[in-house]
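Participant: What follows is work_26.pdb; its format and atoms are PDB, C-alpha atoms.
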ATOM      1  CA  MET K   1       0.000   0.000   0.000
ATOM      2  CA  SER K   2       2.813   2.382   0.860
ATOM      3  CA  GLY K   3       4.432   1.580  -2.491
ATOM      4  CA  LEU K   4       1.189   2.421  -4.304
ATOM      5  CA  ILE K   5       0.905   5.708  -2.402
ATOM      6  CA  ALA K   6       4.517   6.557  -3.290
ATOM      7  CA  LEU K   7       3.808   5.733  -6.944
ATOM      8  CA  LEU K   8       0.715   7.955  -6.947
ATOM      9  CA  ASP K   9       2.751  10.712  -5.315
ATOM     10  CA  ASP K  10       5.374  10.414  -8.040
ATOM     11  CA  VAL K  11       2.663  10.494 -10.708
ATOM     12  CA  ALA K  12       1.175  13.614  -9.111
ATOM     13  CA  GLY K  13       4.616  15.245  -9.089
ATOM     14  CA  ILE K  14       5.164  14.379 -12.747
ATOM     15  CA  ALA K  15       1.714  15.759 -13.579
ATOM     16  CA  LYS K  16       2.561  19.035 -11.825
ATOM     17  CA  VAL K  17       5.817  19.309 -13.749
ATOM     18  CA  ALA K  18       3.993  18.521 -16.991
ATOM     19  CA  ALA K  19       1.326  21.113 -16.236
ATOM     20  CA  ALA K  20       4.001  23.699 -15.479
ATOM     21  CA  SER K  21       5.745  22.823 -18.736
ATOM     22  CA  VAL K  22       2.487  23.221 -20.658
ATOM     23  CA  ASP K  23       2.006  26.615 -19.038
ATOM     24  CA  ASP K  24       5.580  27.573 -19.972
ATOM     25  CA  VAL K  25       5.063  26.460 -23.570
ATOM     26  CA  ALA K  26       1.768  28.336 -23.815
ATOM     27  CA  GLY K  27       3.236  31.481 -22.280
ATOM     28  CA  MET K  28       6.359  31.510 -24.439
ATOM     29  CA  SER K  29       4.358  30.647 -27.570
ATOM     30  CA  ALA K  30       1.913  33.497 -26.926
ATOM     31  CA  LYS K  31       4.789  35.927 -26.319
ATOM     32  CA  ALA K  32       6.519  34.812 -29.504
ATOM     33  CA  GLY K  33       3.312  35.129 -31.511
ATOM     34  CA  MET K  34       2.686  38.657 -30.253
ATOM     35  CA  LYS K  35       6.242  39.759 -31.019
ATOM     36  CA  ALA K  36       5.967  38.331 -34.534
ATOM     37  CA  ALA K  37       2.739  40.272 -35.145
ATOM     38  CA  GLY K  38       4.150  42.306 -38.017
ATOM     39  CA  ALA K  39       5.128  39.288 -40.104
ATOM     40  CA  VAL K  40       1.941  37.419 -39.147
ATOM     41  CA  ILE K  41      -0.393  40.239 -40.200
ATOM     42  CA  ASP K  42       1.555  40.751 -43.410
ATOM     43  CA  ASP K  43       1.261  37.024 -44.151
ATOM     44  CA  ALA K  44      -2.517  37.222 -43.718
ATOM     45  CA  ALA K  45      -2.718  40.398 -45.813
ATOM     46  CA  VAL K  46      -0.559  39.088 -48.680
ATOM     47  CA  THR K  47      -1.937  35.561 -49.149
ATOM     48  CA  PRO K  48      -5.484  36.342 -50.430
ATOM     49  CA  LYS K  49      -4.063  37.816 -53.648
ATOM     50  CA  TYR K  50      -2.824  34.365 -54.673
ATOM     51  CA  VAL K  51      -6.393  33.067 -55.098
ATOM     52  CA  HIS K  52      -7.548  36.130 -57.041
ATOM     53  CA  GLY K  53      -8.919  35.230 -60.466
ATOM     54  CA  PHE K  54      -9.612  31.550 -59.736
ATOM     55  CA  ASP K  55     -12.960  29.805 -59.607
ATOM     56  CA  ALA K  56     -14.561  30.023 -56.172
ATOM     57  CA  LYS K  57     -14.378  26.221 -55.842
ATOM     58  CA  ARG K  58     -10.571  26.353 -56.061
ATOM     59  CA  GLU K  59     -10.034  29.080 -53.445
ATOM     60  CA  ILE K  60     -10.032  26.910 -50.313
ATOM     61  CA  PRO K  61      -7.980  24.079 -51.944
ATOM     62  CA  ILE K  62      -5.370  26.654 -52.976
ATOM     63  CA  VAL K  63      -5.258  28.136 -49.461
ATOM     64  CA  TRP K  64      -4.938  24.597 -48.059
ATOM     65  CA  ARG K  65      -1.999  23.837 -50.368
ATOM     66  CA  ILE K  66      -0.252  27.055 -49.330
ATOM     67  CA  ALA K  67      -0.916  26.265 -45.647
ATOM     68  CA  LYS K  68       0.667  22.810 -46.027
ATOM     69  CA  GLY K  69       3.671  24.405 -47.697
ATOM     70  CA  SER K  70       3.876  26.906 -44.839
ATOM     71  CA  ILE K  71       3.886  24.130 -42.217
ATOM     72  CA  PHE K  72       6.615  22.328 -44.188
ATOM     73  CA  ASN K  73       8.660  25.548 -44.319
ATOM     74  CA  LYS K  74       8.383  26.121 -40.579
ATOM     75  CA  VAL K  75       8.585  22.594 -39.147
ATOM     76  CA  VAL K  76      10.749  20.626 -41.569
ATOM     77  CA  ILE K  77      13.187  23.316 -42.751
ATOM     78  CA  LEU K  78      13.260  26.298 -40.394
ATOM     79  CA  LEU K  79      12.729  24.631 -37.000
ATOM     80  CA  PRO K  80      15.857  22.395 -37.233
ATOM     81  CA  ILE K  81      17.905  25.352 -38.508
ATOM     82  CA  ALA K  82      16.684  27.501 -35.607
ATOM     83  CA  LEU K  83      17.575  24.792 -33.082
ATOM     84  CA  LEU K  84      21.051  24.361 -34.559
ATOM     85  CA  LEU K  85      21.615  28.109 -34.404
ATOM     86  CA  SER K  86      20.463  28.345 -30.797
ATOM     87  CA  GLN K  87      22.638  25.399 -29.804
ATOM     88  CA  PHE K  88      25.864  26.092 -31.698
ATOM     89  CA  ALA K  89      25.749  29.724 -32.887
ATOM     90  CA  PRO K  90      23.543  31.789 -30.547
ATOM     91  CA  TRP K  91      25.621  34.855 -31.451
ATOM     92  CA  ALA K  92      24.115  34.701 -34.959
ATOM     93  CA  ILE K  93      20.519  35.131 -33.775
ATOM     94  CA  THR K  94      20.711  38.921 -33.257
ATOM     95  CA  PRO K  95      22.266  39.657 -36.706
ATOM     96  CA  LEU K  96      19.744  37.348 -38.378
ATOM     97  CA  LEU K  97      16.926  39.073 -36.531
ATOM     98  CA  MET K  98      18.240  42.427 -37.701
ATOM     99  CA  ILE K  99      18.383  41.200 -41.305
ATOM    100  CA  GLY K 100      14.810  39.961 -40.992
ATOM    101  CA  GLY K 101      13.760  43.226 -39.361
ATOM    102  CA  ALA K 102      15.385  45.188 -42.187
ATOM    103  CA  TYR K 103      13.476  43.040 -44.675
ATOM    104  CA  LEU K 104      10.202  43.879 -42.911
ATOM    105  CA  CYS K 105      11.135  47.581 -43.074
ATOM    106  CA  PHE K 106      11.902  47.239 -46.777
ATOM    107  CA  GLU K 107       8.587  45.487 -47.486
ATOM    108  CA  GLY K 108       6.621  48.058 -45.498
ATOM    109  CA  ALA K 109       8.404  51.037 -47.045
ATOM    110  CA  GLU K 110       7.938  49.609 -50.529
ATOM    111  CA  LYS K 111       4.178  49.406 -49.949
ATOM    112  CA  VAL K 112       4.136  53.005 -48.712
ATOM    113  CA  TRP K 113       6.179  54.112 -51.734
ATOM    114  CA  HIS K 114       3.860  52.333 -54.144
ATOM    115  CA  ALA K 115       0.836  53.866 -52.414
ATOM    116  CA  LEU K 116       2.332  57.349 -52.849
ATOM    117  CA  ARG K 117       3.547  56.682 -56.399
ATOM    118  CA  PRO K 118       1.172  54.045 -57.797
ATOM    119  CA  HIS K 119       2.533  54.373 -61.359
ATOM    120  CA  ASP K 120       5.854  53.010 -60.068
ATOM    121  CA  ALA K 121       4.220  49.938 -58.551
ATOM    122  CA  HIS K 122       4.906  46.644 -60.182
ATOM    123  CA  ASP K 123       2.577  43.747 -59.577
ATOM    124  CA  SER K 124       3.863  40.551 -61.094
ATOM    125  CA  TYR K 125       0.382  39.099 -61.176
ATOM    126  CA  GLU K 126      -1.260  41.879 -63.146
ATOM    127  CA  GLY K 127      -1.272  41.307 -66.859
ATOM    128  CA  GLU K 128      -0.261  37.684 -66.371
ATOM    129  CA  GLU K 129      -0.912  35.615 -69.464
ATOM    130  CA  VAL K 130      -3.964  33.415 -69.311
ATOM    131  CA  GLY K 131      -2.964  29.804 -69.874
ATOM    132  CA  ASP K 132      -3.659  26.375 -68.462
ATOM    133  CA  PRO K 133      -5.496  26.934 -65.133
ATOM    134  CA  CYS K 134      -3.634  24.019 -63.538
ATOM    135  CA  GLN K 135      -0.249  25.457 -64.479
ATOM    136  CA  LEU K 136      -1.332  28.923 -63.342
ATOM    137  CA  GLU K 137      -2.499  27.535 -60.003
ATOM    138  CA  GLU K 138       0.752  25.602 -59.583
ATOM    139  CA  SER K 139       2.764  28.738 -60.330
ATOM    140  CA  LYS K 140       0.843  30.875 -57.854
ATOM    141  CA  VAL K 141       1.015  28.250 -55.109
ATOM    142  CA  LYS K 142       4.784  27.951 -55.539
ATOM    143  CA  GLY K 143       5.122  31.730 -55.461
ATOM    144  CA  ALA K 144       3.016  31.958 -52.314
ATOM    145  CA  ILE K 145       5.061  29.261 -50.566
ATOM    146  CA  LYS K 146       8.306  31.053 -51.474
ATOM    147  CA  THR K 147       6.948  34.310 -50.038
ATOM    148  CA  ASP K 148       5.750  32.436 -46.969
ATOM    149  CA  PHE K 149       9.233  30.996 -46.451
ATOM    150  CA  ILE K 150      10.707  34.471 -45.974
ATOM    151  CA  LEU K 151       7.974  35.530 -43.559
ATOM    152  CA  SER K 152       8.112  32.175 -41.746
ATOM    153  CA  ALA K 153      11.878  32.517 -41.305
ATOM    154  CA  GLU K 154      11.313  35.875 -39.635
ATOM    155  CA  ILE K 155       8.528  34.481 -37.440
ATOM    156  CA  MET K 156      10.606  31.500 -36.306
ATOM    157  CA  THR K 157      13.676  33.657 -35.615
ATOM    158  CA  ILE K 158      11.583  36.097 -33.580
ATOM    159  CA  ALA K 159      10.026  33.179 -31.692
ATOM    160  CA  LEU K 160      13.475  31.739 -30.974
ATOM    161  CA  SER K 161      14.686  35.072 -29.606
ATOM    162  CA  THR K 162      11.836  35.158 -27.057
ATOM    163  CA  ILE K 163      12.741  31.796 -25.502
ATOM    164  CA  PRO K 164      14.920  32.228 -22.381
ATOM    165  CA  PRO K 165      18.480  30.977 -22.996
ATOM    166  CA  ASP K 166      18.319  28.650 -19.994
ATOM    167  CA  GLN K 167      15.661  26.500 -21.689
ATOM    168  CA  GLY K 168      16.845  23.169 -23.037
ATOM    169  CA  ILE K 169      16.786  22.190 -26.683
ATOM    170  CA  VAL K 170      13.679  20.019 -26.181
ATOM    171  CA  MET K 171      11.715  22.916 -24.703
ATOM    172  CA  ARG K 172      12.898  25.191 -27.518
ATOM    173  CA  ALA K 173      11.768  22.623 -30.080
ATOM    174  CA  ILE K 174       8.334  22.271 -28.435
ATOM    175  CA  VAL K 175       7.797  26.037 -28.260
ATOM    176  CA  LEU K 176       8.895  26.568 -31.870
ATOM    177  CA  PHE K 177       6.653  23.715 -33.030
ATOM    178  CA  ALA K 178       3.703  25.169 -31.090
ATOM    179  CA  VAL K 179       4.341  28.614 -32.592
ATOM    180  CA  ALA K 180       4.641  27.181 -36.110
ATOM    181  CA  VAL K 181       1.362  25.257 -35.890
ATOM    182  CA  ALA K 182      -0.605  27.962 -34.049
ATOM    183  CA  ILE K 183       0.448  30.789 -36.353
ATOM    184  CA  THR K 184      -0.114  28.748 -39.515
ATOM    185  CA  VAL K 185      -3.605  27.716 -38.372
ATOM    186  CA  ALA K 186      -4.428  31.292 -37.353
ATOM    187  CA  VAL K 187      -3.105  32.901 -40.541
ATOM    188  CA  TYR K 188      -4.516  30.487 -43.098
ATOM    189  CA  GLY K 189      -7.744  29.973 -41.171
ATOM    190  CA  ALA K 190      -8.213  33.738 -41.313
ATOM    191  CA  VAL K 191      -7.251  33.777 -44.999
ATOM    192  CA  GLY K 192      -9.818  31.067 -45.720
ATOM    193  CA  LEU K 193     -12.532  33.115 -44.003
ATOM    194  CA  ILE K 194     -11.465  36.270 -45.834
ATOM    195  CA  VAL K 195     -11.480  34.772 -49.338
ATOM    196  CA  LYS K 196     -14.882  33.144 -48.804
ATOM    197  CA  ALA K 197     -16.523  36.055 -46.979
ATOM    198  CA  ASP K 198     -17.765  37.741 -50.147
ATOM    199  CA  ASP K 199     -19.171  34.428 -51.476
ATOM    200  CA  TYR K 200     -20.949  33.913 -48.176
ATOM    201  CA  GLY K 201     -22.329  37.445 -48.350
ATOM    202  CA  VAL K 202     -23.593  36.899 -51.903
ATOM    203  CA  ALA K 203     -25.241  33.633 -50.850
ATOM    204  CA  LEU K 204     -27.005  35.337 -47.953
ATOM    205  CA  ALA K 205     -28.175  38.203 -50.144
ATOM    206  CA  ARG K 206     -29.589  35.807 -52.754
ATOM    207  CA  THR K 207     -31.198  33.139 -50.565
ATOM    208  CA  ARG K 208     -32.353  34.986 -47.443
ATOM    209  CA  GLU K 209     -34.691  37.818 -46.680
ATOM    210  CA  GLY K 210     -34.830  40.628 -44.158
ATOM    211  CA  PHE K 211     -31.909  41.012 -41.781
ATOM    212  CA  LEU K 212     -29.824  38.163 -43.247
ATOM    213  CA  GLU K 213     -30.194  39.554 -46.761
ATOM    214  CA  SER K 214     -29.083  42.985 -45.539
ATOM    215  CA  ALA K 215     -26.189  41.383 -43.653
ATOM    216  CA  GLY K 216     -25.078  39.593 -46.823
ATOM    217  CA  ARG K 217     -25.080  42.801 -48.819
ATOM    218  CA  ALA K 218     -23.203  44.565 -46.022
ATOM    219  CA  ILE K 219     -20.501  41.847 -46.031
ATOM    220  CA  VAL K 220     -20.018  42.151 -49.799
ATOM    221  CA  LYS K 221     -19.775  45.943 -49.594
ATOM    222  CA  ALA K 222     -17.450  45.860 -46.575
ATOM    223  CA  MET K 223     -14.868  43.384 -47.927
ATOM    224  CA  PRO K 224     -12.917  45.798 -50.202
ATOM    225  CA  GLY K 225     -12.595  48.276 -47.342
ATOM    226  CA  PHE K 226     -11.678  45.491 -44.943
ATOM    227  CA  MET K 227      -8.918  44.249 -47.249
ATOM    228  CA  LYS K 228      -7.563  47.784 -47.617
ATOM    229  CA  THR K 229      -7.604  48.244 -43.841
ATOM    230  CA  LEU K 230      -5.861  44.895 -43.360
ATOM    231  CA  THR K 231      -3.151  45.973 -45.800
ATOM    232  CA  ILE K 232      -2.651  49.297 -43.976
ATOM    233  CA  VAL K 233      -2.498  47.588 -40.570
ATOM    234  CA  GLY K 234      -0.101  44.976 -41.922
ATOM    235  CA  THR K 235       2.179  47.651 -43.389
ATOM    236  CA  ALA K 236       2.188  49.648 -40.143
ATOM    237  CA  ALA K 237       2.898  46.485 -38.152
ATOM    238  CA  MET K 238       5.805  45.570 -40.426
ATOM    239  CA  LEU K 239       7.401  48.992 -40.042
ATOM    240  CA  TRP K 240       6.873  49.033 -36.281
ATOM    241  CA  VAL K 241       8.111  45.490 -35.626
ATOM    242  CA  GLY K 242      10.948  45.713 -38.156
ATOM    243  CA  GLY K 243      12.140  49.037 -36.777
ATOM    244  CA  ASN K 244      11.972  47.757 -33.208
ATOM    245  CA  ILE K 245      13.954  44.620 -34.081
ATOM    246  CA  VAL K 246      16.724  46.583 -35.800
ATOM    247  CA  LEU K 247      16.919  49.196 -33.016
ATOM    248  CA  HIS K 248      16.991  46.515 -30.329
ATOM    249  CA  GLY K 249      19.711  44.649 -32.232
ATOM    250  CA  LEU K 250      21.797  47.821 -32.533
ATOM    251  CA  ASP K 251      21.400  48.318 -28.787
ATOM    252  CA  GLU K 252      22.645  44.779 -28.096
ATOM    253  CA  LEU K 253      25.625  45.395 -30.394
ATOM    254  CA  GLY K 254      26.564  48.546 -28.482
ATOM    255  CA  PHE K 255      24.890  51.191 -30.655
ATOM    256  CA  GLY K 256      21.969  52.020 -28.419
ATOM    257  CA  LEU K 257      21.732  55.819 -28.699
ATOM    258  CA  MET K 258      18.554  55.850 -30.790
ATOM    259  CA  TYR K 259      16.993  52.958 -28.881
ATOM    260  CA  ASP K 260      17.633  54.704 -25.540
ATOM    261  CA  THR K 261      16.374  58.040 -26.879
ATOM    262  CA  ILE K 262      13.049  56.531 -27.986
ATOM    263  CA  HIS K 263      12.779  54.771 -24.625
ATOM    264  CA  HIS K 264      13.246  58.068 -22.778
ATOM    265  CA  TRP K 265      10.676  59.790 -25.010
ATOM    266  CA  SER K 266       8.134  57.048 -24.323
ATOM    267  CA  GLU K 267       8.739  57.291 -20.559
ATOM    268  CA  PHE K 268       8.320  61.074 -20.658
ATOM    269  CA  ALA K 269       5.063  60.792 -22.620
ATOM    270  CA  ALA K 270       3.768  58.039 -20.330
ATOM    271  CA  HIS K 271       4.394  60.106 -17.193
ATOM    272  CA  ALA K 272       2.599  63.045 -18.831
ATOM    273  CA  VAL K 273      -0.591  60.953 -19.089
ATOM    274  CA  PRO K 274      -0.886  59.078 -15.755
ATOM    275  CA  ALA K 275      -4.319  57.662 -16.621
ATOM    276  CA  ALA K 276      -2.963  55.646 -19.562
ATOM    277  CA  GLN K 277       0.764  55.301 -18.983
ATOM    278  CA  GLY K 278       1.087  51.834 -20.477
ATOM    279  CA  PHE K 279      -0.785  52.594 -23.689
ATOM    280  CA  VAL K 280       0.872  55.989 -24.220
ATOM    281  CA  GLY K 281       4.353  54.560 -23.645
ATOM    282  CA  TRP K 282       3.681  51.745 -26.107
ATOM    283  CA  ALA K 283       2.140  54.102 -28.690
ATOM    284  CA  VAL K 284       5.086  56.516 -28.597
ATOM    285  CA  THR K 285       7.597  53.673 -28.867
ATOM    286  CA  ALA K 286       5.684  52.064 -31.738
ATOM    287  CA  PHE K 287       5.363  55.414 -33.548
ATOM    288  CA  PHE K 288       9.076  56.210 -33.481
ATOM    289  CA  ASP K 289      10.050  52.592 -34.161
ATOM    290  CA  GLY K 290       7.768  52.763 -37.197
ATOM    291  CA  LEU K 291       9.302  56.053 -38.373
ATOM    292  CA  PHE K 292      12.759  54.533 -38.079
ATOM    293  CA  GLY K 293      11.556  51.436 -39.932
ATOM    294  CA  LEU K 294      10.094  53.578 -42.724
ATOM    295  CA  ALA K 295      13.311  55.597 -43.071
ATOM    296  CA  LEU K 296      15.442  52.449 -43.138
ATOM    297  CA  GLY K 297      13.119  50.786 -45.645
ATOM    298  CA  LEU K 298      13.193  53.805 -47.967
ATOM    299  CA  LEU K 299      17.002  53.702 -47.881
ATOM    300  CA  LEU K 300      16.946  49.998 -48.735
ATOM    301  CA  ILE K 301      14.661  50.381 -51.779
ATOM    302  CA  PRO K 302      17.355  51.835 -54.115
ATOM    303  CA  LEU K 303      19.924  49.406 -52.699
ATOM    304  CA  SER K 304      17.593  46.527 -53.544
ATOM    305  CA  THR K 305      16.770  47.676 -57.071
ATOM    306  CA  THR K 306      20.294  48.703 -58.106
ATOM    307  CA  VAL K 307      22.457  46.154 -56.282
ATOM    308  CA  LEU K 308      20.656  43.194 -54.709
ATOM    309  CA  ALA K 309      18.120  42.480 -57.471
ATOM    310  CA  PRO K 310      20.759  42.380 -60.268
ATOM    311  CA  LEU K 311      22.957  40.124 -58.123
ATOM    312  CA  TRP K 312      19.975  37.830 -57.469
ATOM    313  CA  ARG K 313      19.081  37.624 -61.176
ATOM    314  CA  GLY K 314      22.703  36.987 -62.063
ATOM    315  CA  GLY K 315      22.895  34.181 -59.517
ATOM    316  CA  GLN K 316      19.718  32.605 -60.881
ATOM    317  CA  ARG K 317      21.063  32.738 -64.456
ATOM    318  CA  LEU K 318      24.360  31.202 -63.287
ATOM    319  CA  LEU K 319      22.553  28.392 -61.485
ATOM    320  CA  GLY K 320      20.375  27.824 -64.549
ATOM    321  CA  ARG K 321      23.434  27.445 -66.784
ATOM    322  CA  THR K 322      25.099  25.136 -64.270
ATOM    323  CA  ALA K 323      21.986  22.962 -64.121
TER     324      ALA K 323
END
As a first step, turn the structure in this file into structure tokens.
Facilitator:
Amino acid sequence: MSGLIALLDDVAGIAKVAAASVDDVAGMSAKAGMKAAGAVIDDAAVTPKYVHGFDAKREIPIVWRIAKGSIFNKVVILLPIALLLSQFAPWAITPLLMIGGAYLCFEGAEKVWHALRPHDAHDSYEGEEVGDPCQLEESKVKGAIKTDFILSAEIMTIALSTIPPDQGIVMRAIVLFAVAVAITVAVYGAVGLIVKADDYGVALARTREGFLESAGRAIVKAMPGFMKTLTIVGTAAMLWVGGNIVLHGLDELGFGLMYDTIHHWSEFAAHAVPAAQGFVGWAVTAFFDGLFGLALGLLLIPLSTTVLAPLWRGGQRLLGRTA
């Protein structure tokens, strides 16, 4: 009997440890997801364009294919790389984060630039030749998965940076896996709802009467504005998060003047509004982080078009000849 009681006591202890571990995983996963908000929102804002022009019956299958590719990117490719970095080259995490943050700034600034100068915008999907629908779908899915890989790399690196360094490799793997699955489900679940919302609204307007018919019409009318708002929020989030990542990285590398200055400004503003110190401090920090991100992104646009893009095309041509 005493042995059974001791066994039950051990089981209870293991259960407590497991429960604490679950809480730790949930807490760290939530923190990582919040910090990666810029890339997550941009992912949700970008993906719906890949189903534009297809039959309504193909929209959800296309989103599902992209979601599977996203999970493969995060779990099979990026998660092992992240674990290897954290185990053998933790010094590389901050520079990689800064590169990813700079990319977010570039993407956000490019969207702002195209909004201000729409005649300079280049959309690779506009004017695309109409051919075999299967080949077109395959091409768009591959393009979406490639875009997702870049955003997923940023998400996973941000998630890795939020995990305390004293956590073992198993805990890091569990947290990264939880983040990968949760964010993919959230993003592509939201994308699925977005791309089918107008169809649902049309169906309500055609088959129902009274309030439901009015609601259907309202959904159809609201979707263009909703998509525009989502794009604006995603752009702002990219600039804010990207700017914050780069500034924080500079601070860790010993160049913290701008980071400290923004911190002091946010503290001053927060103390000036005692009733909402937390919100005001966050808003001021986000505003100046976003301004820095926009300035950095605008500087990177000419660098990308005159230096990086030609190098990339040259590398692709060289690889093509080698193959």
Participant: I'd like the contact shell of region 276-287 of chain K - 7 Å cut-off, all atoms listed in the file, skipping same-chain residues fewer than 5 positions apart - returned as a PDB file with C-alpha atoms, keeping the file's coordinate frame.
Facilitator:
ATOM      1  CA  TRP K 240       6.873  49.033 -36.281  1.00  0.00           C
ATOM      2  CA  ILE K 262      13.049  56.531 -27.986  1.00  0.00           C
ATOM      3  CA  HIS K 263      12.779  54.771 -24.625  1.00  0.00           C
ATOM      4  CA  SER K 266       8.134  57.048 -24.323  1.00  0.00           C
ATOM      5  CA  GLU K 267       8.739  57.291 -20.559  1.00  0.00           C
ATOM      6  CA  ALA K 269       5.063  60.792 -22.620  1.00  0.00           C
ATOM      7  CA  ALA K 270       3.768  58.039 -20.330  1.00  0.00           C
ATOM      8  CA  HIS K 271       4.394  60.106 -17.193  1.00  0.00           C
TER       9      HIS K 271
END
Participant: Give me, as a PyMOL selection string, all polymer residues having an atom no more than 7 Å from region 93-102 of chain K, counting all atoms listed in the file and skipping those fewer than 6 positions away in the same chain.
Facilitator: chain K and resi 154+157-158+242-243+245-246+249+297
Participant: Could you tell me how far CA of Gly290 (chain K) lies from CA of Ala109 (chain K), in Å and to one decimal?
Facilitator: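 If I compute the distance from CA of Gly290 (chain K) to CA of Ala109 (chain K), I get 10.0 Å.
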Participant: What does the distance between CA of Lys74 (chain K) and CA of Leu308 (chain K) come to in Å, to one decimal place?
Facilitator: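 We find that CA of Lys74 (chain K) and CA of Leu308 (chain K) lie 25.3 Å from each other.
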Participant: So, counting only C-alpha atoms, which residue among K:Gly234, K:Gly108, K:Pro90, K:Gly143 is closest to Gly69 (chain K)?
Facilitator: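 Between K:Gly234, K:Gly108, K:Pro90, K:Gly143, the residue approaching Gly69 (chain K) most closely is K:Gly143.
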Participant: Box time for region 131-141 of chain K: axis-aligned, enclosing all its listed atoms, 4 Å extra on each side; report centre and edge lengths in Å to one decimal, as lines of an AutoDock Vina configuration file.
Facilitator:
center_x = -1.4
center_y = 27.4
center_z = -62.5
size_x = 16.3
size_y = 14.9
size_z = 22.8
Participant: Just the number, please: distance in Å from CA of Cys134 (chain K) to CA of Ile62 (chain K), one decimal.
Facilitator: 11.0 Å
Participant: Nearest to Ile169 (chain K): which of K:Leu84, K:Ile145, K:Leu298, K:Ala197 is it, counting only C-alpha atoms?
Facilitator: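 For Ile169 (chain K), the nearest of the candidates is K:Leu84.
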Participant: I'd like to know which of K:Val307, K:Val75, K:Val141, K:Ser161 is closest to Ala173 (chain K), using only C-alpha atoms.
Facilitator: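 Once distances to Ala173 (chain K) are computed over only C-alpha atoms, the minimum belongs to K:Val75.
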Participant: What lies within 8 Å of Leu160 (chain K) using only C-alpha atoms, ignoring chain neighbours under 2 positions off, as number ranges by chain?
Facilitator: K: 32, 82, 86, 156-158, 162-163, 172, 176
Participant: Which residue, K:Leu291, K:Val170, K:Ala190, K:Ile301, has the smallest gap to Asn244 (chain K) when you use all atoms listed in the file?
Facilitator: K:Leu291
